[in-house]
$ cat upload.cif   # mmCIF, C-alpha atoms
data_model
#
loop_
_atom_site.label_atom_id
_atom_site.label_comp_id
_atom_site.auth_asym_id
_atom_site.auth_seq_id
_atom_site.Cartn_x
_atom_site.Cartn_y
_atom_site.Cartn_z
CA MET J 1 47.93 -68.14 -6.46
CA LYS J 2 44.61 -68.47 -8.31
CA TYR J 3 44.21 -72.12 -7.21
CA GLN J 4 45.21 -71.30 -3.62
CA SER J 5 42.57 -68.55 -3.49
CA SER J 6 39.89 -70.91 -4.82
CA PHE J 7 40.86 -73.57 -2.31
CA ARG J 8 40.68 -71.15 0.61
CA ARG J 9 37.23 -70.11 -0.55
CA ILE J 10 35.75 -73.61 -0.72
CA PHE J 11 37.75 -75.24 2.12
CA PRO J 12 35.24 -74.36 4.91
CA ALA J 13 32.41 -75.89 2.90
CA ILE J 14 34.43 -79.05 2.19
CA PHE J 15 35.55 -79.41 5.81
CA THR J 16 32.04 -78.99 7.22
CA THR J 17 30.59 -81.37 4.64
CA LEU J 18 33.18 -84.05 5.40
CA SER J 19 32.59 -83.65 9.15
CA ILE J 20 28.87 -84.22 8.77
CA ILE J 21 29.43 -87.20 6.46
CA ALA J 22 31.86 -88.72 8.95
CA GLY J 23 29.32 -88.28 11.75
CA LEU J 24 26.71 -90.08 9.73
CA LEU J 25 29.01 -92.91 8.65
CA PHE J 26 30.28 -93.67 12.13
CA ALA J 27 26.95 -93.30 13.87
CA PRO J 28 25.36 -96.53 15.30
CA ALA J 29 23.35 -98.53 12.77
CA ALA J 30 20.09 -97.88 14.61
CA THR J 31 20.75 -94.16 14.47
CA ARG J 32 21.47 -94.27 10.73
CA THR J 33 18.27 -96.24 10.12
CA ALA J 34 16.23 -93.69 12.06
CA SER J 35 17.96 -90.85 10.25
CA ALA J 36 17.10 -92.34 6.86
CA ALA J 37 13.44 -92.33 7.88
CA ARG J 38 13.56 -88.57 8.63
CA THR J 39 15.97 -87.05 6.08
CA PHE J 40 17.52 -83.75 7.01
CA ILE J 41 19.87 -81.31 5.25
CA VAL J 42 22.75 -79.49 6.91
CA LEU J 43 24.29 -76.39 5.23
CA THR J 44 27.75 -74.97 5.73
CA GLN J 45 26.16 -71.56 6.41
CA TYR J 46 22.70 -70.07 6.66
CA GLN J 47 23.37 -66.47 5.78
CA ALA J 48 25.91 -64.60 3.68
CA SER J 49 26.62 -60.96 2.79
CA LEU J 50 28.31 -60.27 -0.55
CA SER J 51 29.16 -57.54 -3.01
CA ALA J 52 28.08 -57.85 -6.62
CA GLY J 53 30.41 -60.19 -8.49
CA GLN J 54 31.59 -62.11 -5.42
CA GLU J 55 31.18 -65.90 -5.16
CA PHE J 56 31.15 -68.61 -2.51
CA TYR J 57 30.39 -72.31 -2.28
CA LEU J 58 27.38 -73.32 -0.23
CA GLY J 59 27.99 -76.83 1.09
CA ALA J 60 24.99 -79.09 1.78
CA VAL J 61 24.97 -82.61 3.34
CA VAL J 62 21.87 -84.78 3.10
CA SER J 63 21.48 -87.38 5.85
CA SER J 64 20.33 -89.97 3.32
CA GLY J 65 23.54 -89.50 1.34
CA ARG J 66 21.77 -88.19 -1.72
CA LEU J 67 23.08 -85.23 -3.69
CA PRO J 68 20.97 -82.10 -3.20
CA SER J 69 19.74 -79.73 -5.88
CA PHE J 70 20.20 -75.97 -5.50
CA LYS J 71 17.89 -73.13 -6.47
CA SER J 72 17.83 -69.34 -6.02
CA SER J 73 14.63 -67.52 -5.11
CA ASN J 74 15.84 -64.59 -7.25
CA ALA J 75 18.55 -65.34 -9.78
CA LYS J 76 18.79 -61.64 -10.63
CA VAL J 77 20.15 -61.04 -7.12
CA ALA J 78 22.26 -64.18 -6.76
CA SER J 79 22.50 -67.31 -8.88
CA VAL J 80 23.62 -70.80 -7.90
CA ASN J 81 24.86 -73.69 -10.02
CA ARG J 82 24.37 -77.45 -9.49
CA TYR J 83 27.48 -77.63 -7.29
CA GLY J 84 26.37 -74.90 -4.89
CA LEU J 85 28.53 -72.11 -6.32
CA VAL J 86 26.68 -68.90 -5.45
CA THR J 87 27.37 -65.76 -7.55
CA ALA J 88 26.18 -62.32 -6.40
CA LYS J 89 24.60 -60.33 -9.25
CA HIS J 90 22.73 -57.23 -8.10
CA ALA J 91 21.81 -55.50 -4.85
CA GLY J 92 19.01 -57.19 -2.93
CA SER J 93 18.35 -60.37 -0.97
CA CYS J 94 17.26 -63.88 -1.84
CA ARG J 95 17.37 -67.45 -0.54
CA ILE J 96 19.54 -70.24 -1.85
CA THR J 97 17.74 -73.50 -1.17
CA ALA J 98 19.17 -77.03 -1.13
CA LYS J 99 16.57 -79.81 -1.72
CA ALA J 100 16.66 -83.61 -1.41
CA ASP J 101 14.13 -86.35 -0.54
CA GLY J 102 11.36 -83.79 -0.21
CA ARG J 103 13.34 -81.88 2.39
CA GLU J 104 14.98 -78.47 2.01
CA SER J 105 17.20 -76.03 3.82
CA SER J 106 18.06 -72.49 2.79
CA CYS J 107 20.71 -69.81 3.18
CA ARG J 108 19.76 -66.13 3.09
CA VAL J 109 22.06 -64.15 0.76
CA THR J 110 22.25 -60.38 0.90
CA VAL J 111 24.00 -58.53 -1.91
CA ALA J 112 25.08 -55.06 -0.88
CA ARG J 113 24.44 -52.13 -3.17
CA THR J 114 27.54 -51.31 -5.22
CA LYS J 115 29.37 -48.16 -4.14
CA ILE J 116 31.16 -46.02 -6.72
CA THR J 117 34.07 -43.77 -5.80
CA LEU J 118 35.15 -41.10 -8.32
CA SER J 119 38.49 -39.35 -8.58
CA THR J 120 36.55 -36.06 -8.67
CA ARG J 121 32.95 -34.84 -8.66
CA SER J 122 33.55 -31.78 -10.86
CA ILE J 123 35.93 -30.95 -13.69
CA SER J 124 36.69 -27.62 -15.37
CA MET J 125 38.05 -27.79 -18.92
CA GLU J 126 38.84 -25.73 -22.01
CA ASN J 127 37.38 -26.60 -25.40
CA GLY J 128 39.44 -29.36 -27.02
CA GLU J 129 41.03 -30.44 -23.74
CA THR J 130 40.90 -34.06 -22.52
CA LYS J 131 40.87 -35.40 -18.96
CA ARG J 132 40.37 -38.86 -17.49
CA LEU J 133 37.75 -39.53 -14.83
CA GLN J 134 38.67 -42.55 -12.70
CA ALA J 135 36.04 -44.71 -10.99
CA SER J 136 36.40 -47.60 -8.53
CA THR J 137 33.59 -49.84 -7.24
CA THR J 138 33.04 -52.16 -4.30
CA GLY J 139 31.84 -54.90 -6.64
CA SER J 140 33.18 -56.44 -9.83
CA GLU J 141 30.38 -55.27 -12.09
CA PRO J 142 31.46 -53.51 -15.31
CA VAL J 143 31.52 -49.71 -15.20
CA SER J 144 29.99 -47.62 -18.00
CA PHE J 145 30.30 -43.89 -18.75
CA SER J 146 27.85 -41.59 -20.52
CA SER J 147 27.34 -37.85 -21.13
CA ASN J 148 24.00 -36.07 -21.05
CA LYS J 149 25.25 -33.35 -23.45
CA LYS J 150 27.55 -34.73 -26.11
CA SER J 151 27.64 -31.34 -27.81
CA VAL J 152 29.46 -29.99 -24.71
CA ALA J 153 31.55 -33.00 -23.61
CA VAL J 154 31.88 -36.63 -24.69
CA VAL J 155 33.33 -39.54 -22.71
CA ASP J 156 34.69 -42.88 -23.88
CA SER J 157 34.51 -46.31 -22.26
CA ASP J 158 37.73 -45.63 -20.31
CA GLY J 159 36.39 -42.42 -18.75
CA VAL J 160 38.40 -40.06 -20.97
CA ILE J 161 36.41 -36.83 -21.32
CA THR J 162 36.82 -34.53 -24.33
CA ALA J 163 35.50 -30.96 -24.16
CA CYS J 164 33.58 -29.93 -27.31
CA LYS J 165 32.23 -26.44 -26.63
CA PRO J 166 31.58 -24.10 -23.66
CA GLY J 167 28.76 -25.19 -21.37
CA SER J 168 27.96 -27.79 -18.72
CA ALA J 169 27.47 -31.53 -19.00
CA ILE J 170 26.84 -34.36 -16.54
CA ILE J 171 28.96 -37.50 -16.87
CA SER J 172 27.14 -40.54 -15.43
CA ILE J 173 29.09 -43.54 -14.15
CA THR J 174 27.03 -46.71 -13.77
CA ALA J 175 27.86 -50.06 -12.17
CA GLY J 176 24.93 -52.44 -11.79
CA LYS J 177 22.05 -50.39 -10.40
CA THR J 178 24.30 -47.73 -8.87
CA THR J 179 25.01 -44.43 -10.62
CA ALA J 180 27.39 -41.62 -9.69
CA THR J 181 27.80 -38.31 -11.49
CA CYS J 182 30.50 -35.77 -12.27
CA ARG J 183 29.76 -32.24 -13.50
CA VAL J 184 31.93 -31.04 -16.37
CA THR J 185 32.20 -27.31 -17.05
CA VAL J 186 33.75 -26.30 -20.34
CA LYS J 187 34.96 -22.74 -19.83
CA LYS J 188 34.69 -19.95 -22.36
CA PRO J 189 38.17 -19.10 -23.63
CA SER J 190 40.05 -15.87 -23.05
CA ILE J 191 41.42 -14.00 -26.08
CA THR J 192 44.41 -11.65 -26.14
CA LEU J 193 45.24 -9.64 -29.27
CA ASN J 194 48.69 -8.32 -30.13
CA HIS J 195 47.08 -4.94 -31.01
CA ILE J 196 43.90 -3.24 -29.85
CA TYR J 197 44.46 -0.04 -31.90
CA ARG J 198 46.49 0.70 -35.02
CA LYS J 199 46.82 3.62 -37.42
CA LEU J 200 47.40 2.87 -41.10
CA PHE J 201 47.39 4.62 -44.45
CA ARG J 202 45.62 3.22 -47.48
CA CYS J 203 47.29 0.06 -48.81
CA GLN J 204 49.26 -0.49 -45.62
CA GLN J 205 48.93 -3.83 -43.77
CA VAL J 206 49.23 -5.12 -40.23
CA GLN J 207 49.21 -8.70 -38.96
CA LEU J 208 46.91 -9.30 -36.01
CA THR J 209 47.42 -12.37 -33.84
CA ALA J 210 45.06 -13.80 -31.24
CA ASP J 211 46.17 -15.90 -28.27
CA VAL J 212 43.16 -18.11 -27.42
CA SER J 213 43.45 -19.91 -24.07
CA SER J 214 41.77 -23.06 -25.43
CA GLY J 215 44.15 -23.19 -28.38
CA ILE J 216 41.44 -23.16 -31.03
CA THR J 217 41.74 -21.00 -34.15
CA PRO J 218 39.59 -17.84 -34.07
CA THR J 219 37.56 -16.39 -36.91
CA TRP J 220 38.21 -12.83 -38.11
CA LYS J 221 35.78 -10.20 -39.33
CA SER J 222 35.76 -6.51 -40.27
CA ASN J 223 32.70 -4.36 -39.61
CA ARG J 224 33.65 -2.03 -42.52
CA SER J 225 35.38 -3.88 -45.31
CA SER J 226 35.35 -0.71 -47.41
CA VAL J 227 37.76 0.81 -44.86
CA ALA J 228 39.82 -2.24 -43.85
CA THR J 229 39.66 -5.91 -44.79
CA VAL J 230 40.94 -8.88 -42.79
CA SER J 231 41.97 -12.33 -43.96
CA ASP J 232 41.26 -15.69 -42.32
CA THR J 233 44.70 -15.45 -40.68
CA GLY J 234 44.22 -11.92 -39.28
CA LEU J 235 46.09 -9.94 -41.94
CA VAL J 236 44.53 -6.44 -42.10
CA CYS J 237 44.73 -4.32 -45.26
CA ALA J 238 43.69 -0.64 -45.24
CA GLN J 239 41.38 0.32 -48.13
CA LYS J 240 40.47 3.98 -47.55
CA HIS J 241 40.42 6.58 -44.80
CA GLY J 242 37.98 5.90 -41.96
CA THR J 243 37.63 3.62 -38.94
CA ALA J 244 36.93 -0.11 -38.83
CA LEU J 245 36.70 -2.69 -36.05
CA ILE J 246 38.45 -6.01 -36.61
CA THR J 247 36.97 -8.80 -34.46
CA ALA J 248 38.51 -12.12 -33.44
CA LYS J 249 35.93 -14.66 -32.28
CA ALA J 250 36.30 -18.05 -30.59
CA ASP J 251 33.48 -20.04 -28.94
CA GLY J 252 31.29 -16.97 -28.60
CA VAL J 253 34.05 -14.82 -27.05
CA THR J 254 35.19 -11.75 -29.03
CA LYS J 255 38.03 -9.25 -28.91
CA THR J 256 38.35 -6.23 -31.19
CA CYS J 257 41.10 -4.06 -32.61
CA GLU J 258 40.29 -0.57 -33.87
CA ILE J 259 41.90 0.25 -37.19
CA GLU J 260 42.09 3.94 -38.10
CA VAL J 261 42.96 4.56 -41.73
CA GLU J 262 44.30 8.11 -41.82
CA ALA J 263 43.61 10.57 -44.60
CA PRO J 264 47.01 11.54 -46.02
CA THR J 265 48.45 15.05 -46.24
CA ILE J 266 49.76 16.38 -49.53
CA ARG J 267 52.35 19.10 -49.78
CA LEU J 268 53.19 20.76 -53.13
CA SER J 269 56.34 22.68 -53.91
CA ALA J 270 54.18 25.58 -55.17
CA SER J 271 50.53 26.58 -55.09
CA SER J 272 50.80 28.71 -58.23
CA LEU J 273 53.20 28.92 -61.18
CA THR J 274 53.80 31.01 -64.29
CA MET J 275 55.23 29.36 -67.39
CA LYS J 276 55.94 30.30 -70.98
CA VAL J 277 54.57 28.35 -73.92
CA GLY J 278 56.84 25.44 -74.79
CA LYS J 279 58.61 25.39 -71.42
CA THR J 280 58.68 22.46 -68.95
CA ARG J 281 59.20 22.16 -65.24
CA THR J 282 58.56 19.75 -62.39
CA LEU J 283 56.01 20.41 -59.66
CA GLY J 284 57.33 18.71 -56.56
CA TYR J 285 55.06 16.99 -54.02
CA LYS J 286 55.22 14.96 -50.81
CA ILE J 287 52.46 12.60 -49.52
CA SER J 288 52.43 11.33 -45.93
CA SER J 289 51.03 7.90 -46.90
CA GLY J 290 53.85 7.28 -49.35
CA ASN J 291 51.29 6.31 -51.99
CA ALA J 292 51.41 7.75 -55.50
CA PRO J 293 48.72 10.40 -56.09
CA LEU J 294 46.48 10.79 -59.08
CA ILE J 295 47.72 13.91 -60.95
CA LYS J 296 45.47 15.67 -63.45
CA SER J 297 45.34 18.92 -65.39
CA SER J 298 42.03 20.76 -65.71
CA LYS J 299 43.09 21.91 -69.20
CA PRO J 300 45.57 19.53 -70.84
CA ASN J 301 45.59 21.72 -73.96
CA VAL J 302 47.03 24.55 -71.82
CA VAL J 303 49.24 22.56 -69.42
CA GLN J 304 50.05 18.91 -69.78
CA VAL J 305 51.18 16.88 -66.70
CA ASP J 306 52.40 13.32 -66.22
CA GLN J 307 52.18 11.15 -63.09
CA LEU J 308 55.60 12.32 -61.92
CA GLY J 309 54.53 15.99 -61.78
CA ASN J 310 56.35 17.06 -64.94
CA LEU J 311 54.56 20.04 -66.52
CA THR J 312 54.60 21.13 -70.18
CA ALA J 313 53.13 24.48 -71.19
CA ARG J 314 51.31 24.04 -74.49
CA SER J 315 49.29 27.21 -75.02
CA VAL J 316 48.38 30.52 -73.43
CA GLY J 317 45.85 30.20 -70.64
CA THR J 318 45.33 29.00 -67.09
CA ALA J 319 45.08 25.40 -65.86
CA VAL J 320 44.69 23.82 -62.44
CA ILE J 321 46.92 20.87 -61.62
CA SER J 322 45.33 18.59 -58.95
CA PHE J 323 46.95 15.94 -56.75
CA THR J 324 44.49 13.45 -55.20
CA GLU J 325 45.11 10.56 -52.78
CA ASP J 326 42.49 8.78 -50.63
CA GLY J 327 40.10 11.72 -50.45
CA THR J 328 42.76 14.40 -49.95
CA ARG J 329 43.21 16.96 -52.78
CA GLU J 330 45.72 19.75 -53.28
CA THR J 331 46.04 22.03 -56.33
CA CYS J 332 48.45 24.31 -58.09
CA THR J 333 47.31 27.06 -60.53
CA VAL J 334 49.51 27.39 -63.59
CA LYS J 335 49.37 30.45 -65.87
CA VAL J 336 50.93 30.13 -69.33
CA ARG J 337 52.16 33.21 -71.20
CA LYS J 338 53.78 33.73 -74.58
#

$ encode --input "upload.cif" --output "structure tokens"
Amino acid sequence: MKYQSSFRRIFPAIFTTLSIIAGLLFAPAATRTASAARTFIVLTQYQASLSAGQEFYLGAVVSSGRLPSFKSSNAKVASVNRYGLVTAKHAGSCRITAKADGRESSCRVTVARTKITLSTRSISMENGETKRLQASTTGSEPVSFSSNKKSVAVVDSDGVITACKPGSAIISITAGKTTATCRVTVKKPSITLNHIYRKLFRCQQVQLTADVSSGITPTWKSNRSSVATVSDTGLVCAQKHGTALITAKADGVTKTCEIEVEAPTIRLSASSLTMKVGKTRTLGYKISSGNAPLIKSSKPNVVQVDQLGNLTARSVGTAVISFTEDGTRETCTVKVRK
């Protein structure tokens, strides 16, 4: 098929050339003698319109039988080799001239400006996403791709675009002296949290998750780490009573979850007791957070208490037994008699 295509392309030039040669060979002798005295050059065509990358053979017959030389007036537009093969290079016009015996004849060649057709003129993407931009041209010149903002989007030699961060970038597609553009918009992601408000007690935890539309991993931050901390994976741990905002951030977009660390309530089985020296008893308690309180006696020499609420009366007097947990304090007054 390749050889058939080449033959079809040069056949007109060959046929015309042979016809002219035959006319000269079979012309009367007197005519040939006169023709030799005034050499002339006949071309197979005197004008041609091409697209960049196309080729054709320009046939030239010299009446004297000599072989002509070929030259382009602008090789950047179209070049020609010694056999008359013309190759279109860039948009513009020039003349291909055949010379012999001081005579010349030329063909005007016009190379049309390359047209670029894109699969799309605008693309919307998420950070990290890839899409391919396809480009076709009217010529056979190589196509190149480039981005004016590589921090936003990059493009490879095959037109595959990779989004890097939210913003806008222009992808330029160039073939010869023709350039086409495609605008790429990298969208800011949307973030959805599994919780926007949670109540916790000190030492309790909750796992926050963030669904980011672009698929990238968010960063986490607490505005009051003394109240609630958050890990790199969104695990929140309550530290003390108060309110904190936990923020998930991705590409400049943020979503927050309010964490309220509740102050616990403490209930004692009695607010006052009377004991005799040497006796023991247990002071019951219940704490809403489920955490163990700090239990202390104001006068251990009068009443001794352990961390389970077990009281021991040691001497006559009065002592205050306090239960403290995350800022909440409840007391019981114990009087010891003989």

$ closest_residue --input "upload.cif" --among "J:Gly234, J:Pro189, J:Gly53, J:Gly65" --to "J:Val253" --atoms "all atoms listed in the file"
J:Pro189

$ resolve_selection --input "upload.cif" --expression "the PyMOL selection byres ((chain J and resi 142) around 6)" --output "number ranges by chain"
J: 141, 143, 175

$ write_last_selection --input "upload.cif" --atoms "C-alpha atoms" --output "mmCIF file, in the coordinates of the input"
data_model
loop_
_atom_site.group_PDB
_atom_site.id
_atom_site.type_symbol
_atom_site.label_atom_id
_atom_site.label_comp_id
_atom_site.auth_asym_id
_atom_site.auth_seq_id
_atom_site.Cartn_x
_atom_site.Cartn_y
_atom_site.Cartn_z
ATOM 1 C CA GLU J 141 30.380 -55.270 -12.090
ATOM 2 C CA VAL J 143 31.520 -49.710 -15.200
ATOM 3 C CA ALA J 175 27.860 -50.060 -12.170
#

$ atom_distance --input "upload.cif" --atom1 "atom CA of J:Ala52" --atom2 "atom CA of J:Ser93"
11.5 Å

$ residues_around --input "upload.cif" --residues "J:Gly167" --least-positions-apart "3" --cutoff "6 Å" --atoms "only C-alpha atoms" --output "list in words"
Val152, Thr185 and Val186 of chain J

$ resolve_selection --input "upload.cif" --expression "the PyMOL selection byres ((chain J and resi 317) around 10)" --output "PyMOL selection string"
chain J and resi 275+277+299+301-303+313-316+318-319+334-338

$ resolve_selection --input "upload.cif" --expression "the PyMOL selection byres ((chain J and resi 105) around 9)" --output "list in words"
Phe40, Ile41, Val42, Leu43, Tyr46, Ala60, Ile96, Thr97, Ala98, Lys99, Arg103, Glu104, Ser106 and Cys107 of chain J

$ closest_residue --input "upload.cif" --among "J:Ser147, J:Thr331, J:Asn310, J:Thr44" --to "J:Lys279" --atoms "all atoms listed in the file"
J:Asn310

$ closest_atom_pairs --input "upload.cif" --of "stretch 145-198 of chain J" --to "stretch 241-247 of chain J" --cutoff "10 Å" --atoms "all atoms listed in the file" --output "CSV"
residue,atom,partner,partner_atom,distance
J:Leu193,CA,J:Thr247,CA,9.8
J:Ile196,CA,J:Ile246,CA,9.1
J:Tyr197,CA,J:Leu245,CA,9.2

$ decode --input "upload.cif" --residues "stretch 286-297 of chain J" --atoms "N, CA, C and O atoms" --output "CSV table (one decimal), in the first residue's frame"
chain,number,residue,atom,x,y,z
J,286,LYS,N,-21.2,7.8,93.1
J,286,LYS,CA,-21.5,7.5,91.7
J,286,LYS,C,-21.1,8.7,90.8
J,286,LYS,O,-21.6,9.9,91.2
J,287,ILE,N,-20.3,8.5,89.8
J,287,ILE,CA,-19.8,9.6,88.9
J,287,ILE,C,-20.3,9.4,87.5
J,287,ILE,O,-20.1,8.3,86.9
J,288,SER,N,-20.9,10.4,86.9
J,288,SER,CA,-21.5,10.2,85.6
J,288,SER,C,-20.5,9.9,84.5
J,288,SER,O,-20.8,9.3,83.5
J,289,SER,N,-19.3,10.4,84.7
J,289,SER,CA,-18.2,10.1,83.6
J,289,SER,C,-17.7,8.7,83.6
J,289,SER,O,-17.1,8.2,82.7
J,290,GLY,N,-17.9,8.0,84.8
J,290,GLY,CA,-17.4,6.7,84.9
J,290,GLY,C,-15.9,6.7,85.3
J,290,GLY,O,-15.3,5.6,85.5
J,291,ASN,N,-15.3,7.8,85.5
J,291,ASN,CA,-13.9,7.9,85.8
J,291,ASN,C,-13.8,7.8,87.4
J,291,ASN,O,-14.7,8.2,88.1
J,292,ALA,N,-12.6,7.4,87.8
J,292,ALA,CA,-12.4,7.3,89.3
J,292,ALA,C,-12.1,8.7,89.8
J,292,ALA,O,-11.3,9.4,89.2
J,293,PRO,N,-12.7,9.1,90.9
J,293,PRO,CA,-12.4,10.4,91.5
J,293,PRO,C,-11.2,10.4,92.4
J,293,PRO,O,-10.7,9.3,92.7
J,294,LEU,N,-10.7,11.5,92.7
J,294,LEU,CA,-9.6,11.7,93.7
J,294,LEU,C,-10.3,11.9,95.0
J,294,LEU,O,-11.1,12.8,95.2
J,295,ILE,N,-10.0,11.0,96.0
J,295,ILE,CA,-10.7,11.0,97.3
J,295,ILE,C,-9.7,11.4,98.3
J,295,ILE,O,-8.6,10.8,98.4
J,296,LYS,N,-10.0,12.4,99.1
J,296,LYS,CA,-9.1,12.9,100.1
J,296,LYS,C,-9.8,13.2,101.4
J,296,LYS,O,-11.0,13.6,101.4
J,297,SER,N,-9.1,13.1,102.5
J,297,SER,CA,-9.6,13.5,103.8
J,297,SER,C,-8.9,14.8,104.3
J,297,SER,O,-7.7,14.9,104.1
